[in-house]
file coords_11.cif (mmCIF, N, CA and C atoms)
data_coords
loop_
_atom_site.label_atom_id
_atom_site.label_comp_id
_atom_site.auth_asym_id
_atom_site.auth_seq_id
_atom_site.Cartn_x
_atom_site.Cartn_y
_atom_site.Cartn_z
N LEU A 1 106.27 -53.15 -19.76
CA LEU A 1 105.28 -52.95 -18.72
C LEU A 1 105.88 -52.14 -17.58
N HIS A 2 105.16 -51.12 -17.15
CA HIS A 2 105.59 -50.33 -15.99
C HIS A 2 105.47 -51.19 -14.74
N GLU A 3 106.58 -51.36 -14.00
CA GLU A 3 106.65 -52.21 -12.81
C GLU A 3 106.16 -53.63 -13.12
N CYS A 4 106.32 -54.04 -14.37
CA CYS A 4 105.89 -55.37 -14.84
C CYS A 4 104.38 -55.57 -14.66
N VAL A 5 103.61 -54.47 -14.65
CA VAL A 5 102.17 -54.55 -14.43
C VAL A 5 101.35 -53.79 -15.49
N TRP A 6 101.74 -52.55 -15.81
CA TRP A 6 100.86 -51.64 -16.56
C TRP A 6 101.37 -51.29 -17.95
N ARG A 7 100.45 -51.20 -18.91
CA ARG A 7 100.69 -50.65 -20.25
C ARG A 7 99.75 -49.48 -20.42
N PRO A 8 100.22 -48.33 -20.91
CA PRO A 8 99.35 -47.16 -21.00
C PRO A 8 98.19 -47.33 -21.98
N GLU A 9 98.38 -48.11 -23.02
CA GLU A 9 97.30 -48.27 -24.00
C GLU A 9 96.26 -49.31 -23.58
N LEU A 10 96.47 -49.92 -22.40
CA LEU A 10 95.54 -50.93 -21.89
C LEU A 10 95.13 -50.56 -20.45
N PRO A 11 94.39 -49.45 -20.27
CA PRO A 11 94.11 -48.98 -18.91
C PRO A 11 93.25 -49.91 -18.07
N GLY A 12 92.49 -50.79 -18.67
CA GLY A 12 91.64 -51.70 -17.91
C GLY A 12 92.25 -53.07 -17.71
N LEU A 13 93.56 -53.17 -17.94
CA LEU A 13 94.23 -54.46 -17.86
C LEU A 13 95.52 -54.33 -17.07
N ALA A 14 95.77 -55.29 -16.20
CA ALA A 14 97.02 -55.33 -15.45
C ALA A 14 97.60 -56.73 -15.59
N PHE A 15 98.90 -56.80 -15.57
CA PHE A 15 99.60 -58.08 -15.67
C PHE A 15 100.23 -58.38 -14.31
N VAL A 16 100.14 -59.62 -13.89
CA VAL A 16 100.69 -60.04 -12.61
C VAL A 16 101.54 -61.28 -12.86
N GLY A 17 102.74 -61.28 -12.31
CA GLY A 17 103.59 -62.45 -12.41
C GLY A 17 104.54 -62.44 -13.59
N LEU A 18 104.54 -61.38 -14.38
CA LEU A 18 105.48 -61.29 -15.50
C LEU A 18 106.77 -60.67 -14.98
N TYR A 19 107.43 -61.44 -14.18
CA TYR A 19 108.64 -60.98 -13.50
C TYR A 19 109.53 -62.20 -13.34
N ARG A 20 110.73 -62.12 -13.86
CA ARG A 20 111.67 -63.24 -13.71
C ARG A 20 112.57 -62.98 -12.53
N GLY A 21 112.49 -63.83 -11.57
CA GLY A 21 113.31 -63.71 -10.38
C GLY A 21 112.60 -64.38 -9.22
N PRO A 22 113.11 -64.18 -8.01
CA PRO A 22 112.42 -64.73 -6.84
C PRO A 22 111.14 -63.92 -6.66
N PHE A 23 110.00 -64.50 -6.84
CA PHE A 23 108.84 -63.67 -7.09
C PHE A 23 107.65 -63.72 -6.16
N PHE A 24 107.63 -64.45 -5.11
CA PHE A 24 106.39 -64.55 -4.35
C PHE A 24 105.91 -63.20 -3.81
N ALA A 25 106.76 -62.46 -3.16
CA ALA A 25 106.33 -61.16 -2.63
C ALA A 25 106.02 -60.19 -3.77
N ALA A 26 106.84 -60.21 -4.83
CA ALA A 26 106.61 -59.29 -5.96
C ALA A 26 105.26 -59.58 -6.62
N MET A 27 104.96 -60.85 -6.85
CA MET A 27 103.69 -61.18 -7.50
C MET A 27 102.50 -60.81 -6.61
N GLU A 28 102.59 -61.07 -5.32
CA GLU A 28 101.49 -60.71 -4.43
C GLU A 28 101.27 -59.20 -4.43
N LEU A 29 102.36 -58.44 -4.38
CA LEU A 29 102.22 -56.99 -4.37
C LEU A 29 101.69 -56.47 -5.70
N GLN A 30 102.11 -57.07 -6.81
CA GLN A 30 101.54 -56.68 -8.11
C GLN A 30 100.02 -56.91 -8.11
N ALA A 31 99.59 -58.06 -7.62
CA ALA A 31 98.16 -58.39 -7.58
C ALA A 31 97.40 -57.43 -6.66
N ARG A 32 97.98 -57.13 -5.51
CA ARG A 32 97.32 -56.20 -4.57
C ARG A 32 97.22 -54.80 -5.17
N TRP A 33 98.24 -54.39 -5.91
CA TRP A 33 98.22 -53.08 -6.56
C TRP A 33 97.12 -53.05 -7.63
N ALA A 34 97.09 -54.06 -8.49
CA ALA A 34 96.08 -54.11 -9.55
C ALA A 34 94.67 -54.12 -8.95
N CYS A 35 94.45 -54.93 -7.94
CA CYS A 35 93.13 -55.00 -7.31
C CYS A 35 92.76 -53.67 -6.66
N GLY A 36 93.74 -53.02 -6.04
CA GLY A 36 93.48 -51.72 -5.43
C GLY A 36 93.10 -50.67 -6.46
N VAL A 37 93.77 -50.68 -7.60
CA VAL A 37 93.44 -49.73 -8.66
C VAL A 37 92.07 -50.03 -9.24
N PHE A 38 91.80 -51.29 -9.56
CA PHE A 38 90.53 -51.64 -10.18
C PHE A 38 89.35 -51.45 -9.24
N SER A 39 89.56 -51.57 -7.93
CA SER A 39 88.48 -51.35 -6.97
C SER A 39 88.26 -49.87 -6.67
N GLY A 40 89.20 -49.03 -7.08
CA GLY A 40 89.10 -47.60 -6.80
C GLY A 40 89.75 -47.21 -5.48
N ARG A 41 90.30 -48.15 -4.74
CA ARG A 41 90.95 -47.85 -3.47
C ARG A 41 92.28 -47.14 -3.68
N LEU A 42 92.97 -47.46 -4.76
CA LEU A 42 94.25 -46.84 -5.08
C LEU A 42 94.14 -46.11 -6.41
N ALA A 43 94.87 -45.02 -6.52
CA ALA A 43 94.91 -44.29 -7.80
C ALA A 43 95.80 -45.05 -8.77
N PRO A 44 95.45 -45.05 -10.04
CA PRO A 44 96.34 -45.68 -11.01
C PRO A 44 97.62 -44.85 -11.15
N PRO A 45 98.69 -45.46 -11.64
CA PRO A 45 99.90 -44.68 -11.86
C PRO A 45 99.64 -43.60 -12.90
N SER A 46 100.30 -42.47 -12.73
CA SER A 46 100.13 -41.38 -13.69
C SER A 46 100.78 -41.74 -15.02
N ALA A 47 100.39 -41.02 -16.05
CA ALA A 47 100.98 -41.25 -17.37
C ALA A 47 102.49 -41.05 -17.34
N GLU A 48 102.95 -40.07 -16.56
CA GLU A 48 104.39 -39.81 -16.45
C GLU A 48 105.10 -40.98 -15.77
N GLU A 49 104.51 -41.51 -14.70
CA GLU A 49 105.10 -42.66 -14.02
C GLU A 49 105.22 -43.85 -14.95
N VAL A 50 104.14 -44.11 -15.69
CA VAL A 50 104.13 -45.25 -16.61
C VAL A 50 105.20 -45.05 -17.68
N GLU A 51 105.31 -43.85 -18.21
CA GLU A 51 106.31 -43.60 -19.26
C GLU A 51 107.72 -43.78 -18.72
N ARG A 52 107.99 -43.29 -17.51
CA ARG A 52 109.31 -43.50 -16.90
C ARG A 52 109.57 -45.00 -16.70
N GLY A 53 108.56 -45.72 -16.26
CA GLY A 53 108.70 -47.16 -16.07
C GLY A 53 108.97 -47.88 -17.37
N LEU A 54 108.30 -47.46 -18.44
CA LEU A 54 108.53 -48.08 -19.75
C LEU A 54 109.93 -47.78 -20.25
N GLN A 55 110.42 -46.58 -20.00
CA GLN A 55 111.80 -46.23 -20.39
C GLN A 55 112.80 -47.13 -19.67
N THR A 56 112.57 -47.35 -18.40
CA THR A 56 113.44 -48.24 -17.62
C THR A 56 113.43 -49.65 -18.21
N GLU A 57 112.24 -50.14 -18.54
CA GLU A 57 112.13 -51.49 -19.13
C GLU A 57 112.84 -51.56 -20.47
N ARG A 58 112.74 -50.51 -21.27
CA ARG A 58 113.44 -50.49 -22.57
C ARG A 58 114.95 -50.54 -22.38
N GLN A 59 115.45 -49.83 -21.37
CA GLN A 59 116.89 -49.85 -21.09
C GLN A 59 117.33 -51.24 -20.66
N ILE A 60 116.51 -51.91 -19.87
CA ILE A 60 116.83 -53.27 -19.45
C ILE A 60 116.91 -54.19 -20.66
N ARG A 61 115.97 -54.06 -21.57
CA ARG A 61 115.93 -54.92 -22.76
C ARG A 61 117.13 -54.70 -23.68
N LYS A 62 117.70 -53.50 -23.66
CA LYS A 62 118.82 -53.18 -24.54
C LYS A 62 120.17 -53.59 -23.97
N GLN A 63 120.20 -54.07 -22.74
CA GLN A 63 121.47 -54.46 -22.12
C GLN A 63 122.10 -55.61 -22.89
N GLN A 64 123.40 -55.53 -23.04
CA GLN A 64 124.16 -56.60 -23.69
C GLN A 64 125.30 -57.00 -22.78
N PRO A 65 125.43 -58.22 -22.42
CA PRO A 65 124.49 -59.30 -22.70
C PRO A 65 123.23 -59.12 -21.88
N ARG A 66 122.14 -59.69 -22.37
CA ARG A 66 120.87 -59.58 -21.65
C ARG A 66 120.96 -60.38 -20.36
N PRO A 67 120.56 -59.76 -19.23
CA PRO A 67 120.67 -60.47 -17.95
C PRO A 67 119.66 -61.60 -17.83
N GLN A 68 120.06 -62.66 -17.15
CA GLN A 68 119.15 -63.77 -16.92
C GLN A 68 117.95 -63.31 -16.09
N PHE A 69 118.21 -62.47 -15.10
CA PHE A 69 117.15 -61.91 -14.27
C PHE A 69 117.14 -60.40 -14.48
N PRO A 70 116.32 -59.92 -15.40
CA PRO A 70 116.35 -58.50 -15.76
C PRO A 70 116.03 -57.56 -14.60
N HIS A 71 115.28 -58.02 -13.64
CA HIS A 71 114.95 -57.20 -12.47
C HIS A 71 115.66 -57.80 -11.26
N GLY A 72 116.97 -57.74 -11.31
CA GLY A 72 117.78 -58.40 -10.30
C GLY A 72 117.69 -57.81 -8.91
N ASP A 73 117.21 -56.58 -8.79
CA ASP A 73 117.08 -55.96 -7.48
C ASP A 73 115.71 -56.30 -6.91
N TYR A 74 115.57 -57.53 -6.43
CA TYR A 74 114.30 -58.02 -5.90
C TYR A 74 113.82 -57.17 -4.73
N VAL A 75 114.71 -56.84 -3.83
CA VAL A 75 114.32 -56.04 -2.67
C VAL A 75 113.85 -54.66 -3.12
N GLY A 76 114.60 -54.03 -4.03
CA GLY A 76 114.19 -52.72 -4.53
C GLY A 76 112.84 -52.75 -5.22
N MET A 77 112.61 -53.80 -6.00
CA MET A 77 111.34 -53.90 -6.71
C MET A 77 110.18 -54.11 -5.73
N THR A 78 110.34 -55.01 -4.77
CA THR A 78 109.24 -55.25 -3.84
C THR A 78 109.00 -54.04 -2.93
N GLU A 79 110.06 -53.34 -2.56
CA GLU A 79 109.89 -52.14 -1.75
C GLU A 79 109.11 -51.08 -2.53
N ALA A 80 109.43 -50.89 -3.81
CA ALA A 80 108.69 -49.92 -4.64
C ALA A 80 107.23 -50.33 -4.77
N LEU A 81 106.98 -51.60 -5.02
CA LEU A 81 105.60 -52.07 -5.13
C LEU A 81 104.86 -51.87 -3.80
N ALA A 82 105.52 -52.14 -2.68
CA ALA A 82 104.88 -51.97 -1.37
C ALA A 82 104.50 -50.51 -1.14
N HIS A 83 105.32 -49.58 -1.60
CA HIS A 83 104.97 -48.16 -1.48
C HIS A 83 103.76 -47.84 -2.35
N HIS A 84 103.70 -48.37 -3.55
CA HIS A 84 102.54 -48.14 -4.43
C HIS A 84 101.26 -48.66 -3.78
N VAL A 85 101.34 -49.81 -3.13
CA VAL A 85 100.17 -50.46 -2.54
C VAL A 85 99.81 -49.83 -1.18
N GLY A 86 100.78 -49.16 -0.55
CA GLY A 86 100.54 -48.55 0.75
C GLY A 86 100.72 -49.53 1.90
N VAL A 87 101.61 -50.50 1.73
CA VAL A 87 101.81 -51.52 2.76
C VAL A 87 103.27 -51.65 3.18
N HIS A 88 104.08 -50.65 2.89
CA HIS A 88 105.48 -50.70 3.26
C HIS A 88 105.61 -50.63 4.79
N PRO A 89 106.38 -51.53 5.40
CA PRO A 89 106.47 -51.58 6.87
C PRO A 89 107.46 -50.56 7.44
N ALA A 90 107.28 -49.30 7.10
CA ALA A 90 108.24 -48.27 7.49
C ALA A 90 108.39 -48.14 9.00
N SER A 91 107.29 -48.16 9.74
CA SER A 91 107.43 -47.96 11.19
C SER A 91 108.17 -49.11 11.85
N ALA A 92 107.96 -50.34 11.37
CA ALA A 92 108.70 -51.48 11.94
C ALA A 92 110.18 -51.39 11.59
N LEU A 93 110.48 -50.96 10.37
CA LEU A 93 111.89 -50.81 9.98
C LEU A 93 112.56 -49.71 10.80
N ASN A 94 111.86 -48.62 11.04
CA ASN A 94 112.42 -47.52 11.83
C ASN A 94 112.63 -47.91 13.28
N ALA A 95 111.84 -48.86 13.77
CA ALA A 95 111.94 -49.28 15.18
C ALA A 95 113.27 -49.95 15.47
N ARG A 96 113.95 -50.47 14.45
CA ARG A 96 115.21 -51.19 14.70
C ARG A 96 116.28 -50.30 15.30
N THR A 97 116.17 -48.99 15.13
CA THR A 97 117.18 -48.07 15.65
C THR A 97 116.85 -47.58 17.06
N MET A 98 115.72 -48.04 17.61
CA MET A 98 115.31 -47.62 18.95
C MET A 98 115.22 -48.85 19.84
N PRO A 99 116.30 -49.21 20.54
CA PRO A 99 116.32 -50.44 21.34
C PRO A 99 115.22 -50.53 22.38
N GLU A 100 114.74 -49.40 22.89
CA GLU A 100 113.69 -49.43 23.91
C GLU A 100 112.33 -49.76 23.31
N ASN A 101 112.20 -49.71 22.00
CA ASN A 101 110.94 -50.00 21.32
C ASN A 101 110.70 -51.50 21.30
N SER A 102 109.46 -51.91 21.55
CA SER A 102 109.14 -53.35 21.59
C SER A 102 109.27 -54.00 20.21
N ASP A 103 109.25 -53.21 19.16
CA ASP A 103 109.38 -53.77 17.80
C ASP A 103 110.81 -53.66 17.26
N ALA A 104 111.78 -53.33 18.12
CA ALA A 104 113.16 -53.17 17.65
C ALA A 104 113.69 -54.46 17.04
N GLU A 105 113.43 -55.60 17.69
CA GLU A 105 113.92 -56.88 17.16
C GLU A 105 113.23 -57.20 15.83
N LEU A 106 111.95 -56.95 15.73
CA LEU A 106 111.23 -57.16 14.47
C LEU A 106 111.84 -56.28 13.38
N GLY A 107 112.12 -55.04 13.70
CA GLY A 107 112.75 -54.14 12.72
C GLY A 107 114.09 -54.65 12.25
N ARG A 108 114.89 -55.19 13.18
CA ARG A 108 116.19 -55.75 12.79
C ARG A 108 116.00 -56.97 11.89
N LEU A 109 115.02 -57.81 12.19
CA LEU A 109 114.76 -58.97 11.34
C LEU A 109 114.30 -58.55 9.94
N LEU A 110 113.49 -57.50 9.87
CA LEU A 110 113.04 -57.01 8.57
C LEU A 110 114.22 -56.47 7.76
N TYR A 111 115.10 -55.77 8.44
CA TYR A 111 116.22 -55.12 7.76
C TYR A 111 117.33 -56.11 7.40
N ASP A 112 117.66 -57.01 8.31
CA ASP A 112 118.80 -57.90 8.11
C ASP A 112 118.42 -59.31 7.65
N GLY A 113 117.18 -59.69 7.84
CA GLY A 113 116.77 -61.05 7.51
C GLY A 113 116.31 -61.18 6.06
N PRO A 114 115.85 -62.37 5.70
CA PRO A 114 115.36 -62.58 4.33
C PRO A 114 114.06 -61.81 4.09
N LEU A 115 113.85 -61.41 2.86
CA LEU A 115 112.62 -60.71 2.50
C LEU A 115 111.51 -61.74 2.33
N LEU A 116 110.44 -61.57 3.08
CA LEU A 116 109.32 -62.50 3.04
C LEU A 116 108.03 -61.74 2.71
N PRO A 117 107.08 -62.37 2.04
CA PRO A 117 105.81 -61.69 1.76
C PRO A 117 105.11 -61.19 3.03
N PHE A 118 105.38 -61.84 4.18
CA PHE A 118 104.77 -61.41 5.44
C PHE A 118 105.13 -59.98 5.81
N HIS A 119 106.28 -59.50 5.34
CA HIS A 119 106.69 -58.13 5.66
C HIS A 119 105.62 -57.12 5.26
N TYR A 120 104.89 -57.44 4.21
CA TYR A 120 103.92 -56.50 3.66
C TYR A 120 102.50 -56.75 4.16
N ARG A 121 102.42 -57.47 5.29
CA ARG A 121 101.14 -57.65 5.99
C ARG A 121 101.20 -57.02 7.37
N LEU A 122 102.27 -56.29 7.66
CA LEU A 122 102.42 -55.64 8.97
C LEU A 122 101.62 -54.35 9.07
N GLU A 123 101.50 -53.62 7.98
CA GLU A 123 100.86 -52.31 7.97
C GLU A 123 100.02 -52.17 6.72
N GLY A 124 99.07 -51.24 6.77
CA GLY A 124 98.29 -50.91 5.58
C GLY A 124 97.04 -51.75 5.41
N PHE A 125 96.50 -51.69 4.22
CA PHE A 125 95.24 -52.35 3.88
C PHE A 125 95.32 -53.85 4.09
N LYS A 126 94.33 -54.39 4.79
CA LYS A 126 94.24 -55.83 5.09
C LYS A 126 95.45 -56.35 5.87
N ALA A 127 96.03 -55.48 6.69
CA ALA A 127 97.18 -55.90 7.51
C ALA A 127 96.76 -56.98 8.50
N LYS A 128 97.68 -57.88 8.75
CA LYS A 128 97.50 -58.93 9.76
C LYS A 128 98.79 -58.99 10.57
N PRO A 129 99.03 -57.94 11.37
CA PRO A 129 100.33 -57.83 12.04
C PRO A 129 100.67 -58.99 12.97
N ASP A 130 99.70 -59.54 13.68
CA ASP A 130 100.01 -60.65 14.59
C ASP A 130 100.48 -61.88 13.82
N VAL A 131 99.80 -62.18 12.72
CA VAL A 131 100.19 -63.33 11.90
C VAL A 131 101.55 -63.07 11.27
N ALA A 132 101.74 -61.87 10.73
CA ALA A 132 103.00 -61.53 10.09
C ALA A 132 104.17 -61.60 11.08
N LYS A 133 103.98 -61.03 12.27
CA LYS A 133 105.05 -61.05 13.27
C LYS A 133 105.39 -62.48 13.68
N ALA A 134 104.38 -63.31 13.83
CA ALA A 134 104.62 -64.71 14.21
C ALA A 134 105.42 -65.43 13.13
N ALA A 135 105.14 -65.15 11.89
CA ALA A 135 105.85 -65.81 10.79
C ALA A 135 107.28 -65.30 10.65
N ILE A 136 107.48 -64.02 10.91
CA ILE A 136 108.80 -63.42 10.74
C ILE A 136 109.73 -63.78 11.90
N THR A 137 109.18 -63.79 13.10
CA THR A 137 110.03 -64.06 14.27
C THR A 137 109.99 -65.52 14.60
#

call {"tool": "encode", "arguments": {"input": "coords_11.cif", "output": "C-alpha cells"}}
result
Amino acid sequence: LHECVWRPELPGLAFVGLYRGPFFAAMELQARWACGVFSGRLAPPSAEEVERGLQTERQIRKQQPRPQFPHGDYVGMTEALAHHVGVHPASALNARTMPENSDAELGRLLYDGPLLPFHYRLEGFKAKPDVAKAAIT
C-alpha cells in the first residue's frame, strides 16, 4: 500500500490504520487524506506516486531480518502524510527561529517536543489552532 493507504487497482478504496508503530497521528492523517480524496477536496495520488510508494513498501518487505516496526520513522511518515493532507504546521515550525515572534515557543515545542496529533490541527482544513496550542503548551 502506498503510504499504507492506497492500492492502484482499488481506486475507490483506502486503508486506514494498517501501520505498525506509534500510530495515533498517522492513523488520523491517513483518514483525513482518504476523506479528502473521496470528497474531492484533495487530489488522489498520481499513478507515479503510488508506484514509487509500492516500490518502497516492497523494499521494506524484503529486508532481512524483517523489522518489528517496518515504518520506524514515525515522524517522517506523519510529516509526509501531513503534507499530503495540507495540514503541515510549517509556519509554526519556522517561527521557532524568530524569537520576537509570538509563536516562537510553540515552534520550539513542535520541533523539540513529542509528536502529537494536535500538531496537525494548527493549520489547514478544519484547523483548530486555539485548541491545538492549548494542548501542546

call {"tool": "axis_aligned_box", "arguments": {"input": "coords_11.cif", "around": "region 52-61 of chain A", "padding_each_side": "8 Å", "output": "lines of an AutoDock Vina configuration file"}}
result
center_x = 112.7
center_y = -49.1
center_z = -19.9
size_x = 25.3
size_y = 27.6
size_z = 23.6

call {"tool": "residues_around", "arguments": {"input": "coords_11.cif", "residues": "region 76-90 of chain A", "least_positions_apart": "3", "cutoff": "8 Å", "atoms": "only C-alpha atoms", "output": "list in words"}}
result
Glu3, Ala25, Ala26, Leu29, Gln30, Arg32, Trp33, Gly36, Leu42, His71, Asp73, Leu93, Asn94, His119, Tyr120, Arg121, Leu122, Glu123, Gly124, Phe125 and Ala127 of chain A

call {"tool": "atom_distance", "arguments": {"input": "coords_11.cif", "atom1": "atom C of Lys128 (chain A)", "atom2": "atom N of Leu18 (chain A)"}}
result
25.7 Å

call {"tool": "resolve_selection", "arguments": {"input": "coords_11.cif", "expression": "the PyMOL selection byres ((chain A and resi 136) around 8)", "output": "number ranges by chain"}}
result
A: 106, 109-110, 116, 118-119, 130-135, 137

call {"tool": "atom_distance", "arguments": {"input": "coords_11.cif", "atom1": "atom N of Lys126 (chain A)", "atom2": "atom C of Gly72 (chain A)"}}
result
27.3 Å

call {"tool": "closest_residue", "arguments": {"input": "coords_11.cif", "among": "A:Glu9, A:His2, A:Phe23, A:Tyr111", "to": "Glu49 (chain A)", "atoms": "all atoms listed in the file"}}
result
A:His2

call {"tool": "residues_around", "arguments": {"input": "coords_11.cif", "residues": "Thr56 (chain A)", "least_positions_apart": "6", "cutoff": "8 Å", "atoms": "all atoms listed in the file", "output": "JSON, numbers by chain"}}
result
{"A": [1, 2, 50, 62]}

call {"tool": "atom_distance", "arguments": {"input": "coords_11.cif", "atom1": "CA of Gly21 (chain A)", "atom2": "CA of Arg61 (chain A)"}}
result
15.4 Å

call {"tool": "select_by_dssp", "arguments": {"input": "coords_11.cif", "residues": "chain A", "states": "alpha helix (DSSP H)", "output": "PyMOL selection string"}}
result
chain A and resi 24-39+47-61+74-85+90-95+104-112+129-136

call {"tool": "closest_residue", "arguments": {"input": "coords_11.cif", "among": "A:Val5, A:Leu115, A:Ala95, A:Ile60", "to": "Pro45 (chain A)", "atoms": "only C-alpha atoms"}}
result
A:Val5

call {"tool": "decode", "arguments": {"input": "coords_11.cif", "residues": "region 76-90 of chain A", "atoms": "N, CA and C atoms", "output": "compact mmCIF listing (two decimals), in the first residue's frame"}}
result
# COMPACT_ATOMS: atom_id res chain seq x y z
N GLY A 76 8.85 11.03 10.19
CA GLY A 76 8.90 11.19 8.74
C GLY A 76 7.60 10.80 8.07
N MET A 77 7.00 9.72 8.53
CA MET A 77 5.75 9.27 7.93
C MET A 77 4.62 10.27 8.21
N THR A 78 4.49 10.73 9.44
CA THR A 78 3.41 11.66 9.74
C THR A 78 3.62 13.01 9.05
N GLU A 79 4.87 13.44 8.94
CA GLU A 79 5.14 14.68 8.23
C GLU A 79 4.74 14.56 6.76
N ALA A 80 5.07 13.43 6.12
CA ALA A 80 4.69 13.23 4.72
C ALA A 80 3.17 13.20 4.58
N LEU A 81 2.49 12.50 5.47
CA LEU A 81 1.03 12.46 5.42
C LEU A 81 0.44 13.86 5.62
N ALA A 82 1.01 14.63 6.54
CA ALA A 82 0.51 15.99 6.79
C ALA A 82 0.65 16.86 5.55
N HIS A 83 1.73 16.69 4.80
CA HIS A 83 1.89 17.44 3.55
C HIS A 83 0.83 17.01 2.54
N HIS A 84 0.56 15.73 2.44
CA HIS A 84 -0.48 15.24 1.51
C HIS A 84 -1.84 15.84 1.86
N VAL A 85 -2.13 15.93 3.15
CA VAL A 85 -3.44 16.41 3.62
C VAL A 85 -3.52 17.94 3.59
N GLY A 86 -2.36 18.60 3.59
CA GLY A 86 -2.34 20.06 3.59
C GLY A 86 -2.47 20.66 4.98
N VAL A 87 -1.97 19.95 5.98
CA VAL A 87 -2.10 20.42 7.37
C VAL A 87 -0.75 20.48 8.09
N HIS A 88 0.34 20.48 7.35
CA HIS A 88 1.65 20.55 7.97
C HIS A 88 1.84 21.92 8.62
N PRO A 89 2.28 21.95 9.89
CA PRO A 89 2.40 23.23 10.61
C PRO A 89 3.69 23.98 10.28
N ALA A 90 3.94 24.23 9.02
CA ALA A 90 5.20 24.83 8.60
C ALA A 90 5.43 26.21 9.21
